[in-house]
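Engineer: After the C-alpha cells below, expect a handful of questions from me.
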Amino acid sequence: MHEVHRMTKVTLLSLAMLGVMSNAAIVTSLPHLGEHFEHIHNIELLSRLMITLPSLVIALFAPFLGHFIHRTSVIKNALFALGLFALAGSAGLYLQDIYALLASRMVLGVAIAIIMIVGTTLVGSYFSGESRHQFMGMQSAFISIGGILFITGGGLLSDIGWRYPFVIYLIGFAVLPLAALFLHEPKTLPHDAQDEAISGNLWFVYGLAFLLMIVFYTLPTQMPFLMINHFGASGTLTGLIISSAMASNALGALSFARMKKQMGFGSIYLLGLVVLALGFVAIGNISNVYLFFITSPMMGFGGGLLMTTTTAWMLHSAHHSKHTRASGYLTGALFGGQFVSPLLFHPFVAYFGLQQFFVLLGVVVLTGVVIVKLYLSLKLNGHFVK
C-alpha cells in the first residue's frame, strides 16, 4: 500500500476531530442555557438533549447513510456534510427558540453521521495492518488534543455568553477545502452477495460500542452539572477539567497500538473498562472541585483506549469491501449509546444524586467486567481476536 500523503493524513485527522467535537464544543454552555430558558418546562432534560439529539439522528440514520455513501460517492458526501456541519452547528448563534435549537441539532446529526462514516471508511481504505493501528492511535490522540482546545475555548466563551461556543462549528468551512484537495475516492473492490451480511463478530463489536457509549457519555452529560451546580465551578474551570480528561484520552489512544502487539482486542477492552470504572468511583468520593483533575484523567485514559480499540476491532473484523457500510452501523451504535445515556440515567441521578450515582455506576461496571470476563473465558473466546 502506497505511503499516504501528509496533507491527506491531516485532513483525515480533522474529519475525526469534527465528529467528536460536535458535542464537546457546547458542553459547558448547557447549565447556562438552562438558566436562559428557565421558564421552559423540564429545561434541565431539554438542555441535556442539546448534545444527545444529534446522537439520536445519527443512531437512526447512520446505517442507512453507510449504504447510501457506499453506492454514491464518499468524497462528495464528505464535502456536503462539512458545509451542513458548519451551518447547522452554528445555528445556536442566532436561533431564539429552544425547540428550533433542538431541531438544528438534529440536522447537525446528519452531517456528523456522514463525516464519521467517511472518516472511518477512508482510514480503512488508505491504511492496513500495523500502520492502521498506529494511525488510529494518532487519530484518537488528535481528537483528544482538538477536544482540549474546543472544550477549553467553549468554556471561556460560555462564561461570556451561552451562545458564543456555537461559533466553533464554523471550523467545518475551514476543513471543507482540505477535503476537496487531499482526499480521493477509495477503490471499489469486488465482493459477492454473501459478503452483504453482517457477521456475528461485527454485531458483537456493535453491541460493545453501544454499551460503551451509554457508560462513557456520562462524562459530558452529567459531570458539568456536578462541577458547576454542586461544586460552583466556572465554565472555564469546567472546561479545563474536561480537557484534562481529553489529554489523558490521547494517552490511552496512543497506548492502543503498543498494547495490541501483546494483547487481543477483547482483553484491551476489558482493561479500559476497569480504568473507566475506577474513575467513576473516584469521582463519587471527592469533596473538592480541584480533585477532578485527578479523577477525570482516569476516565479519559480508559475512554481513549476503549474508543480506539472498538473502531480498530470493527475494521479488523469487516471485509475490506464493506468498510463503509460497517462504519455506518458502528457509528449508529456509538451514537445510539450517546442518546440513550442521559435518558437511562436521569431517574438514577434524580434518586441518588450525582456523586452517589457515579459510585454506583463504577461498581456496576466493575462487577460487569468480572462477570463478562468469566463468561467470555468459558464461552466466547473466539471473539477475543488476536
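Chain labels follow the order of the C-alpha cells: the first chain is A, the next B, and so on; residue numbering restarts at 1 in every chain, and ligands are counted from 1 in their shown order.
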Can you pull out the residues contacting segment 168-172 of chain A? Cut-off 7 Å, using only C-alpha atoms, and skip same-chain residues under 2 positions away; I want them as a PyMOL selection string.
Structural biologist: chain A and resi 25+82-83+85-86+89-90+165-166+174-176
Engineer: Hey, what's within 9 Å of Ile242 of chain A if we count only C-alpha atoms and toss same-chain stuff fewer than 3 positions away? As a PyMOL selection string, please?
Structural biologist: chain A and resi 147-148+151-152+219-220+223-224+237-239+245-247+292-293+296-297+300
Engineer: Please measure the separation of atom CA of Gly303 of chain A and atom CA of Phe216 of chain A, giving the value in Å to one decimal.
Structural biologist: 6.9 Å
Engineer: Find the residue from A:Val27, A:Leu45, A:Ile117, A:Leu93 that sits nearest to His70 of chain A; use only C-alpha atoms when measuring.
Structural biologist: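 Of A:Val27, A:Leu45, A:Ile117, A:Leu93, the one nearest His70 of chain A, counting only C-alpha atoms, is A:Ile117.
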Engineer: Which residues come within 12 Å of Tyr164 of chain A, counting only C-alpha atoms, excluding same-chain residues fewer than 2 positions away, as a PyMOL selection string?
Structural biologist: chain A and resi 25-26+28-29+32-33+89-94+153-162+166-170
Engineer: Based on DSSP run over this structure's backbone, return all residues of segment 144-338 of chain A in helix (DSSP H, G or I), as a count of residues only.
Structural biologist: 163
Engineer: Quick one: residues within 8 Å of segment 265-282 of chain A, only C-alpha atoms, excluding same-chain residues fewer than 5 positions away - as a PyMOL selection string?
Structural biologist: chain A and resi 216+256+259-260+295-303+305-306+309-310+313+358-363+365-366+369+373+383-386
Engineer: Give me, as JSON lines, the closest atom pair and its distance (Å, one decimal) for every residue of segment 81-144 of chain A within a cut-off of 9 Å of segment 320-335 of chain A, counting only C-alpha atoms, rows sorted by chain and rising number.
Structural biologist:
```
{"residue": "A:Ala113", "atom": "CA", "partner": "A:Thr331", "partner_atom": "CA", "distance": 6.9}
{"residue": "A:Ile114", "atom": "CA", "partner": "A:Gly328", "partner_atom": "CA", "distance": 8.4}
{"residue": "A:Met116", "atom": "CA", "partner": "A:Thr331", "partner_atom": "CA", "distance": 7.0}
{"residue": "A:Ile117", "atom": "CA", "partner": "A:Ser327", "partner_atom": "CA", "distance": 5.3}
{"residue": "A:Val118", "atom": "CA", "partner": "A:Thr324", "partner_atom": "CA", "distance": 7.2}
{"residue": "A:Gly119", "atom": "CA", "partner": "A:Ser327", "partner_atom": "CA", "distance": 9.0}
{"residue": "A:Thr120", "atom": "CA", "partner": "A:Ser327", "partner_atom": "CA", "distance": 6.2}
{"residue": "A:Thr121", "atom": "CA", "partner": "A:Thr324", "partner_atom": "CA", "distance": 5.0}
{"residue": "A:Leu122", "atom": "CA", "partner": "A:Thr324", "partner_atom": "CA", "distance": 8.5}
{"residue": "A:Gly124", "atom": "CA", "partner": "A:His323", "partner_atom": "CA", "distance": 6.6}
{"residue": "A:Ser125", "atom": "CA", "partner": "A:His320", "partner_atom": "CA", "distance": 7.7}
```
Engineer: Would you work out the distance separating atom CA of Ile51 of chain A from atom CA of Leu102 of chain A, expressed in Å to one decimal?
Structural biologist: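 The value is 9.1 Å.
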Engineer: Which residue gives the smallest distance to Asn42 of chain A among A:Ile98, A:Leu181, A:Val57, A:Leu18, with only C-alpha atoms counted?
Structural biologist: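 Result for the nearest residue to Asn42 of chain A: A:Ile98.
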Engineer: Write out as a tab-separated table (two decimals) with C-alpha atoms, in the first residue's frame each polymer residue whose atoms come within 12 Å of His346 of chain A, counting only C-alpha atoms; drop sequence neighbours fewer than 2 positions from it.
Structural biologist:
```tsv
chain	number	residue	atom	x	y	z
A	44	GLU	CA	-32.88	20.51	32.63
A	45	LEU	CA	-33.62	17.48	30.48
A	46	LEU	CA	-34.07	19.56	27.30
A	48	ARG	CA	-29.06	17.77	28.01
A	49	LEU	CA	-30.84	16.81	24.78
A	218	THR	CA	-21.96	10.41	31.48
A	221	THR	CA	-23.92	14.90	30.09
A	222	GLN	CA	-23.58	14.67	33.89
A	339	PHE	CA	-28.60	9.30	23.10
A	340	VAL	CA	-29.74	6.60	25.49
A	341	SER	CA	-27.23	7.56	28.22
A	342	PRO	CA	-28.90	10.66	29.75
A	343	LEU	CA	-32.41	9.23	29.33
A	344	LEU	CA	-31.46	5.96	31.00
A	348	PHE	CA	-30.98	7.31	38.86
A	349	VAL	CA	-29.32	10.73	39.11
A	350	ALA	CA	-32.56	12.23	40.45
A	351	TYR	CA	-32.88	9.49	43.07
A	352	PHE	CA	-29.29	9.01	44.25
A	353	GLY	CA	-27.74	12.39	43.50
A	354	LEU	CA	-24.85	12.85	41.07
A	357	PHE	CA	-24.73	7.83	41.03
```
